[in-house]
Amino acid sequence: MNDTVVRAAGCVLWRRSPAGGIQLALVYRPKWSDWSWPKGKLKKGEAARAAALREVREETGHTCRLGPDLPTLRYTDRTGRRKEVRYWAAESTGGAFVPNDEVTELLWLPPAEAHDRLTHPQDRELIPAALAAIGEADRP
């Protein structure tokens, strides 16, 4: 059995909505046919924080400011590999999405809609932690 753990990093990317409240960014990955947080594997020698910033930029076209750490998710991926993904709450500092081979859509959604759209149950677990980290825990 392969004991290697695939290490990855990502963000719950957020911004303030022009109408008030918070919007969370979800990406659609056609290879996996899923809605997810922007994330990806660490490159050799790359720190998790650097990987999270890089992945957000590559998958969303946005730059961001990393905030507090969020829970690390551990699971077995679709190919049977153990995976560990470190996450941060990250505020978008600007940018523009351009579809690519890896990510074809980006949606900015209120937290409740993001919860319903996320494909994987473990990804939904990050929403309360992210809202608490950005001071929005008491809001719907």
# chains A, B, ... in the order shown; residues from 1 in each chain; ligands from 1

$ residues_around --residues "Gly10 of chain A" --least-positions-apart "3" --cutoff "10 Å" --atoms "only C-alpha atoms" --output "PyMOL selection string"
chain A and resi 13+37-42+48-56+70+72+85-90

$ select_by_dssp --residues "segment 43-121 of chain A" --states "strand (DSSP E)" --output "PDB file with N, CA, C and O atoms, in the first residue's frame"
ATOM      1  N   HIS A  62      -7.781  35.738  -9.478  1.00  0.00           N
ATOM      2  CA  HIS A  62      -7.769  36.747  -8.417  1.00  0.00           C
ATOM      3  C   HIS A  62      -6.515  36.639  -7.562  1.00  0.00           C
ATOM      4  O   HIS A  62      -5.986  35.547  -7.347  1.00  0.00           O
ATOM      5  N   THR A  63      -6.082  37.783  -7.086  1.00  0.00           N
ATOM      6  CA  THR A  63      -5.081  37.819  -6.029  1.00  0.00           C
ATOM      7  C   THR A  63      -5.860  37.887  -4.721  1.00  0.00           C
ATOM      8  O   THR A  63      -7.057  38.213  -4.707  1.00  0.00           O
ATOM      9  N   CYS A  64      -5.191  37.568  -3.631  1.00  0.00           N
ATOM     10  CA  CYS A  64      -5.897  37.577  -2.354  1.00  0.00           C
ATOM     11  C   CYS A  64      -4.930  37.829  -1.211  1.00  0.00           C
ATOM     12  O   CYS A  64      -3.724  37.720  -1.364  1.00  0.00           O
ATOM     13  N   ARG A  65      -5.539  38.160  -0.081  1.00  0.00           N
ATOM     14  CA  ARG A  65      -4.807  38.346   1.166  1.00  0.00           C
ATOM     15  C   ARG A  65      -5.215  37.194   2.085  1.00  0.00           C
ATOM     16  O   ARG A  65      -6.394  37.052   2.420  1.00  0.00           O
ATOM     17  N   LEU A  66      -4.233  36.375   2.449  1.00  0.00           N
ATOM     18  CA  LEU A  66      -4.532  35.246   3.331  1.00  0.00           C
ATOM     19  C   LEU A  66      -4.890  35.746   4.722  1.00  0.00           C
ATOM     20  O   LEU A  66      -4.212  36.605   5.277  1.00  0.00           O
ATOM     21  N   GLY A  67      -5.936  35.180   5.258  1.00  0.00           N
ATOM     22  CA  GLY A  67      -6.364  35.467   6.616  1.00  0.00           C
ATOM     23  C   GLY A  67      -6.067  34.263   7.498  1.00  0.00           C
ATOM     24  O   GLY A  67      -5.087  33.539   7.278  1.00  0.00           O
ATOM     25  N   PRO A  68      -6.932  34.017   8.467  1.00  0.00           N
ATOM     26  CA  PRO A  68      -6.708  32.913   9.396  1.00  0.00           C
ATOM     27  C   PRO A  68      -6.732  31.541   8.732  1.00  0.00           C
ATOM     28  O   PRO A  68      -7.416  31.336   7.733  1.00  0.00           O
ATOM     29  N   ASP A  69      -5.979  30.627   9.341  1.00  0.00           N
ATOM     30  CA  ASP A  69      -6.035  29.221   8.931  1.00  0.00           C
ATOM     31  C   ASP A  69      -7.448  28.698   9.177  1.00  0.00           C
ATOM     32  O   ASP A  69      -8.095  29.082  10.149  1.00  0.00           O
ATOM     33  N   LEU A  70      -7.858  27.807   8.313  1.00  0.00           N
ATOM     34  CA  LEU A  70      -9.112  27.085   8.483  1.00  0.00           C
ATOM     35  C   LEU A  70      -8.768  25.624   8.743  1.00  0.00           C
ATOM     36  O   LEU A  70      -7.604  25.230   8.603  1.00  0.00           O
ATOM     37  N   PRO A  71      -9.742  24.803   9.106  1.00  0.00           N
ATOM     38  CA  PRO A  71      -9.429  23.394   9.327  1.00  0.00           C
ATOM     39  C   PRO A  71      -8.777  22.737   8.100  1.00  0.00           C
ATOM     40  O   PRO A  71      -9.111  23.072   6.963  1.00  0.00           O
ATOM     41  N   THR A  72      -7.857  21.845   8.360  1.00  0.00           N
ATOM     42  CA  THR A  72      -7.238  21.046   7.305  1.00  0.00           C
ATOM     43  C   THR A  72      -8.152  19.862   7.030  1.00  0.00           C
ATOM     44  O   THR A  72      -8.585  19.183   7.955  1.00  0.00           O
ATOM     45  N   LEU A  73      -8.453  19.637   5.749  1.00  0.00           N
ATOM     46  CA  LEU A  73      -9.305  18.505   5.382  1.00  0.00           C
ATOM     47  C   LEU A  73      -8.434  17.320   4.997  1.00  0.00           C
ATOM     48  O   LEU A  73      -7.454  17.467   4.263  1.00  0.00           O
ATOM     49  N   ARG A  74      -8.804  16.159   5.508  1.00  0.00           N
ATOM     50  CA  ARG A  74      -8.102  14.908   5.196  1.00  0.00           C
ATOM     51  C   ARG A  74      -9.121  13.918   4.675  1.00  0.00           C
ATOM     52  O   ARG A  74     -10.155  13.688   5.307  1.00  0.00           O
ATOM     53  N   TYR A  75      -8.813  13.324   3.518  1.00  0.00           N
ATOM     54  CA  TYR A  75      -9.743  12.377   2.905  1.00  0.00           C
ATOM     55  C   TYR A  75      -9.005  11.524   1.881  1.00  0.00           C
ATOM     56  O   TYR A  75      -7.841  11.768   1.583  1.00  0.00           O
ATOM     57  N   THR A  76      -9.698  10.535   1.354  1.00  0.00           N
ATOM     58  CA  THR A  76      -9.160   9.715   0.278  1.00  0.00           C
ATOM     59  C   THR A  76      -9.767  10.232  -1.018  1.00  0.00           C
ATOM     60  O   THR A  76     -11.001  10.346  -1.129  1.00  0.00           O
ATOM     61  N   ARG A  82      -4.474   9.114  -0.251  1.00  0.00           N
ATOM     62  CA  ARG A  82      -4.766   9.937   0.927  1.00  0.00           C
ATOM     63  C   ARG A  82      -4.379  11.367   0.585  1.00  0.00           C
ATOM     64  O   ARG A  82      -3.303  11.610   0.031  1.00  0.00           O
ATOM     65  N   LYS A  83      -5.234  12.313   0.934  1.00  0.00           N
ATOM     66  CA  LYS A  83      -4.993  13.711   0.600  1.00  0.00           C
ATOM     67  C   LYS A  83      -5.198  14.563   1.837  1.00  0.00           C
ATOM     68  O   LYS A  83      -6.084  14.301   2.653  1.00  0.00           O
ATOM     69  N   GLU A  84      -4.350  15.577   1.970  1.00  0.00           N
ATOM     70  CA  GLU A  84      -4.420  16.530   3.077  1.00  0.00           C
ATOM     71  C   GLU A  84      -4.383  17.923   2.466  1.00  0.00           C
ATOM     72  O   GLU A  84      -3.422  18.265   1.770  1.00  0.00           O
ATOM     73  N   VAL A  85      -5.446  18.708   2.696  1.00  0.00           N
ATOM     74  CA  VAL A  85      -5.545  20.045   2.105  1.00  0.00           C
ATOM     75  C   VAL A  85      -5.622  21.084   3.211  1.00  0.00           C
ATOM     76  O   VAL A  85      -6.564  21.087   4.006  1.00  0.00           O
ATOM     77  N   ARG A  86      -4.629  21.964   3.259  1.00  0.00           N
ATOM     78  CA  ARG A  86      -4.641  23.098   4.204  1.00  0.00           C
ATOM     79  C   ARG A  86      -5.392  24.243   3.555  1.00  0.00           C
ATOM     80  O   ARG A  86      -5.217  24.517   2.369  1.00  0.00           O
ATOM     81  N   TYR A  87      -6.225  24.900   4.354  1.00  0.00           N
ATOM     82  CA  TYR A  87      -7.030  26.007   3.841  1.00  0.00           C
ATOM     83  C   TYR A  87      -6.840  27.259   4.679  1.00  0.00           C
ATOM     84  O   TYR A  87      -6.555  27.186   5.875  1.00  0.00           O
ATOM     85  N   TRP A  88      -7.077  28.381   4.019  1.00  0.00           N
ATOM     86  CA  TRP A  88      -7.108  29.692   4.668  1.00  0.00           C
ATOM     87  C   TRP A  88      -8.352  30.422   4.209  1.00  0.00           C
ATOM     88  O   TRP A  88      -8.814  30.222   3.080  1.00  0.00           O
ATOM     89  N   ALA A  89      -8.869  31.297   5.066  1.00  0.00           N
ATOM     90  CA  ALA A  89      -9.837  32.290   4.618  1.00  0.00           C
ATOM     91  C   ALA A  89      -8.999  33.338   3.884  1.00  0.00           C
ATOM     92  O   ALA A  89      -7.923  33.715   4.364  1.00  0.00           O
ATOM     93  N   ALA A  90      -9.447  33.774   2.723  1.00  0.00           N
ATOM     94  CA  ALA A  90      -8.652  34.721   1.934  1.00  0.00           C
ATOM     95  C   ALA A  90      -9.567  35.731   1.260  1.00  0.00           C
ATOM     96  O   ALA A  90     -10.495  35.350   0.536  1.00  0.00           O
ATOM     97  N   GLU A  91      -9.304  37.003   1.503  1.00  0.00           N
ATOM     98  CA  GLU A  91     -10.090  38.059   0.877  1.00  0.00           C
ATOM     99  C   GLU A  91      -9.524  38.375  -0.498  1.00  0.00           C
ATOM    100  O   GLU A  91      -8.319  38.598  -0.661  1.00  0.00           O
ATOM    101  N   SER A  92     -10.410  38.408  -1.493  1.00  0.00           N
ATOM    102  CA  SER A  92      -9.986  38.780  -2.841  1.00  0.00           C
ATOM    103  C   SER A  92      -9.508  40.231  -2.835  1.00  0.00           C
ATOM    104  O   SER A  92     -10.150  41.103  -2.251  1.00  0.00           O
ATOM    105  N   THR A  93      -8.379  40.471  -3.489  1.00  0.00           N
ATOM    106  CA  THR A  93      -7.873  41.835  -3.629  1.00  0.00           C
ATOM    107  C   THR A  93      -7.989  42.304  -5.075  1.00  0.00           C
ATOM    108  O   THR A  93      -7.445  43.336  -5.440  1.00  0.00           O
ATOM    109  N   GLY A  94      -8.691  41.530  -5.895  1.00  0.00           N
ATOM    110  CA  GLY A  94      -8.947  41.931  -7.275  1.00  0.00           C
ATOM    111  C   GLY A  94      -8.538  40.865  -8.266  1.00  0.00           C
ATOM    112  O   GLY A  94      -7.859  39.896  -7.932  1.00  0.00           O
ATOM    113  N   GLY A  95      -8.977  41.069  -9.479  1.00  0.00           N
ATOM    114  CA  GLY A  95      -8.655  40.139 -10.538  1.00  0.00           C
ATOM    115  C   GLY A  95      -9.854  39.874 -11.419  1.00  0.00           C
ATOM    116  O   GLY A  95     -10.944  40.399 -11.196  1.00  0.00           O
ATOM    117  N   GLU A 105     -15.605  27.547 -14.786  1.00  0.00           N
ATOM    118  CA  GLU A 105     -16.551  28.527 -14.246  1.00  0.00           C
ATOM    119  C   GLU A 105     -16.116  28.970 -12.856  1.00  0.00           C
ATOM    120  O   GLU A 105     -15.536  28.189 -12.101  1.00  0.00           O
ATOM    121  N   LEU A 106     -16.439  30.219 -12.545  1.00  0.00           N
ATOM    122  CA  LEU A 106     -16.248  30.778 -11.210  1.00  0.00           C
ATOM    123  C   LEU A 106     -17.569  31.424 -10.821  1.00  0.00           C
ATOM    124  O   LEU A 106     -18.124  32.204 -11.586  1.00  0.00           O
ATOM    125  N   LEU A 107     -18.071  31.071  -9.650  1.00  0.00           N
ATOM    126  CA  LEU A 107     -19.285  31.689  -9.128  1.00  0.00           C
ATOM    127  C   LEU A 107     -18.987  32.362  -7.803  1.00  0.00           C
ATOM    128  O   LEU A 107     -18.280  31.801  -6.959  1.00  0.00           O
ATOM    129  N   TRP A 108     -19.549  33.553  -7.615  1.00  0.00           N
ATOM    130  CA  TRP A 108     -19.513  34.239  -6.325  1.00  0.00           C
ATOM    131  C   TRP A 108     -20.906  34.102  -5.732  1.00  0.00           C
ATOM    132  O   TRP A 108     -21.876  34.608  -6.306  1.00  0.00           O
ATOM    133  N   LEU A 109     -21.007  33.407  -4.608  1.00  0.00           N
ATOM    134  CA  LEU A 109     -22.307  33.095  -4.023  1.00  0.00           C
ATOM    135  C   LEU A 109     -22.371  33.472  -2.547  1.00  0.00           C
ATOM    136  O   LEU A 109     -21.365  33.390  -1.840  1.00  0.00           O
TER     137      LEU A 109
END

$ select_by_dssp --residues "segment 5-112 of chain A" --states "helix (DSSP H, G or I)" --output "list in words"
Ala48, Arg49, Ala50, Ala51, Ala52, Leu53, Arg54, Glu55, Val56, Arg57, Glu58, Glu59, Thr60, Pro111 and Ala112 of chain A

$ write_last_selection --atoms "C-alpha atoms" --output "PDB file, in the first residue's frame"
ATOM      1  CA  ALA A  48       1.509  25.556   1.701  1.00  0.00           C
ATOM      2  CA  ARG A  49       0.822  29.305   1.977  1.00  0.00           C
ATOM      3  CA  ALA A  50       2.585  29.961  -1.329  1.00  0.00           C
ATOM      4  CA  ALA A  51       0.676  27.112  -2.974  1.00  0.00           C
ATOM      5  CA  ALA A  52      -2.653  28.470  -1.726  1.00  0.00           C
ATOM      6  CA  LEU A  53      -1.918  31.911  -3.197  1.00  0.00           C
ATOM      7  CA  ARG A  54      -0.731  30.373  -6.486  1.00  0.00           C
ATOM      8  CA  GLU A  55      -3.746  28.099  -6.806  1.00  0.00           C
ATOM      9  CA  VAL A  56      -6.209  30.933  -6.168  1.00  0.00           C
ATOM     10  CA  ARG A  57      -4.493  33.002  -8.859  1.00  0.00           C
ATOM     11  CA  GLU A  58      -4.372  30.109 -11.362  1.00  0.00           C
ATOM     12  CA  GLU A  59      -7.936  28.925 -10.804  1.00  0.00           C
ATOM     13  CA  THR A  60      -9.796  32.217 -10.256  1.00  0.00           C
ATOM     14  CA  PRO A 111     -22.680  31.386   1.989  1.00  0.00           C
ATOM     15  CA  ALA A 112     -25.994  29.478   2.013  1.00  0.00           C
TER      16      ALA A 112
END

$ atom_distance --atom1 "atom CA of Arg15 of chain A" --atom2 "atom CA of Arg117 of chain A"
17.6 Å

$ residues_around --residues "Tyr28 of chain A" --least-positions-apart "6" --cutoff "8 Å" --atoms "only C-alpha atoms" --output "ChimeraX atom specification"
/A:34-36,103-106

$ write_last_selection --atoms "all heavy atoms" --output "PDB file, in the first residue's frame"
ATOM      1  N   ASP A  34     -17.131  18.789 -10.642  1.00  0.00           N
ATOM      2  CA  ASP A  34     -17.482  19.219  -9.292  1.00  0.00           C
ATOM      3  C   ASP A  34     -17.301  20.716  -9.076  1.00  0.00           C
ATOM      4  O   ASP A  34     -16.577  21.385  -9.799  1.00  0.00           O
ATOM      5  CB  ASP A  34     -16.693  18.428  -8.237  1.00  0.00           C
ATOM      6  CG  ASP A  34     -15.209  18.764  -8.174  1.00  0.00           C
ATOM      7  OD1 ASP A  34     -14.721  19.593  -8.957  1.00  0.00           O
ATOM      8  OD2 ASP A  34     -14.515  18.165  -7.328  1.00  0.00           O
ATOM      9  N   TRP A  35     -18.018  21.215  -8.073  1.00  0.00           N
ATOM     10  CA  TRP A  35     -17.869  22.576  -7.567  1.00  0.00           C
ATOM     11  C   TRP A  35     -17.058  22.481  -6.289  1.00  0.00           C
ATOM     12  O   TRP A  35     -17.375  21.684  -5.406  1.00  0.00           O
ATOM     13  CB  TRP A  35     -19.233  23.204  -7.282  1.00  0.00           C
ATOM     14  CG  TRP A  35     -19.963  23.551  -8.537  1.00  0.00           C
ATOM     15  CD1 TRP A  35     -20.907  22.800  -9.170  1.00  0.00           C
ATOM     16  CD2 TRP A  35     -19.794  24.734  -9.309  1.00  0.00           C
ATOM     17  NE1 TRP A  35     -21.331  23.447 -10.299  1.00  0.00           N
ATOM     18  CE2 TRP A  35     -20.672  24.642 -10.408  1.00  0.00           C
ATOM     19  CE3 TRP A  35     -18.982  25.866  -9.191  1.00  0.00           C
ATOM     20  CZ2 TRP A  35     -20.767  25.632 -11.381  1.00  0.00           C
ATOM     21  CZ3 TRP A  35     -19.073  26.850 -10.162  1.00  0.00           C
ATOM     22  CH2 TRP A  35     -19.949  26.741 -11.233  1.00  0.00           C
ATOM     23  N   SER A  36     -16.015  23.292  -6.205  1.00  0.00           N
ATOM     24  CA  SER A  36     -15.055  23.164  -5.120  1.00  0.00           C
ATOM     25  C   SER A  36     -14.484  24.530  -4.767  1.00  0.00           C
ATOM     26  O   SER A  36     -14.729  25.532  -5.438  1.00  0.00           O
ATOM     27  CB  SER A  36     -13.941  22.226  -5.609  1.00  0.00           C
ATOM     28  OG  SER A  36     -12.970  22.037  -4.630  1.00  0.00           O
ATOM     29  N   VAL A 103     -10.319  24.852 -14.867  1.00  0.00           N
ATOM     30  CA  VAL A 103     -11.495  25.470 -14.249  1.00  0.00           C
ATOM     31  C   VAL A 103     -12.250  26.245 -15.326  1.00  0.00           C
ATOM     32  O   VAL A 103     -11.692  27.138 -15.954  1.00  0.00           O
ATOM     33  CB  VAL A 103     -11.078  26.417 -13.104  1.00  0.00           C
ATOM     34  CG1 VAL A 103     -12.278  27.177 -12.565  1.00  0.00           C
ATOM     35  CG2 VAL A 103     -10.396  25.641 -11.987  1.00  0.00           C
ATOM     36  N   THR A 104     -13.536  25.883 -15.510  1.00  0.00           N
ATOM     37  CA  THR A 104     -14.299  26.523 -16.583  1.00  0.00           C
ATOM     38  C   THR A 104     -15.316  27.546 -16.095  1.00  0.00           C
ATOM     39  O   THR A 104     -15.836  28.317 -16.892  1.00  0.00           O
ATOM     40  CB  THR A 104     -15.033  25.462 -17.431  1.00  0.00           C
ATOM     41  OG1 THR A 104     -15.859  24.665 -16.571  1.00  0.00           O
ATOM     42  CG2 THR A 104     -14.023  24.573 -18.166  1.00  0.00           C
ATOM     43  N   GLU A 105     -15.605  27.547 -14.786  1.00  0.00           N
ATOM     44  CA  GLU A 105     -16.551  28.527 -14.246  1.00  0.00           C
ATOM     45  C   GLU A 105     -16.116  28.970 -12.856  1.00  0.00           C
ATOM     46  O   GLU A 105     -15.536  28.189 -12.101  1.00  0.00           O
ATOM     47  CB  GLU A 105     -17.959  27.932 -14.123  1.00  0.00           C
ATOM     48  CG  GLU A 105     -18.623  27.621 -15.438  1.00  0.00           C
ATOM     49  CD  GLU A 105     -20.021  27.072 -15.226  1.00  0.00           C
ATOM     50  OE1 GLU A 105     -20.885  27.818 -14.695  1.00  0.00           O
ATOM     51  OE2 GLU A 105     -20.241  25.899 -15.565  1.00  0.00           O
ATOM     52  N   LEU A 106     -16.439  30.219 -12.545  1.00  0.00           N
ATOM     53  CA  LEU A 106     -16.248  30.778 -11.210  1.00  0.00           C
ATOM     54  C   LEU A 106     -17.569  31.424 -10.821  1.00  0.00           C
ATOM     55  O   LEU A 106     -18.124  32.204 -11.586  1.00  0.00           O
ATOM     56  CB  LEU A 106     -15.132  31.827 -11.214  1.00  0.00           C
ATOM     57  CG  LEU A 106     -14.995  32.679  -9.954  1.00  0.00           C
ATOM     58  CD1 LEU A 106     -14.455  31.857  -8.799  1.00  0.00           C
ATOM     59  CD2 LEU A 106     -14.095  33.873 -10.207  1.00  0.00           C
TER      60      LEU A 106
END
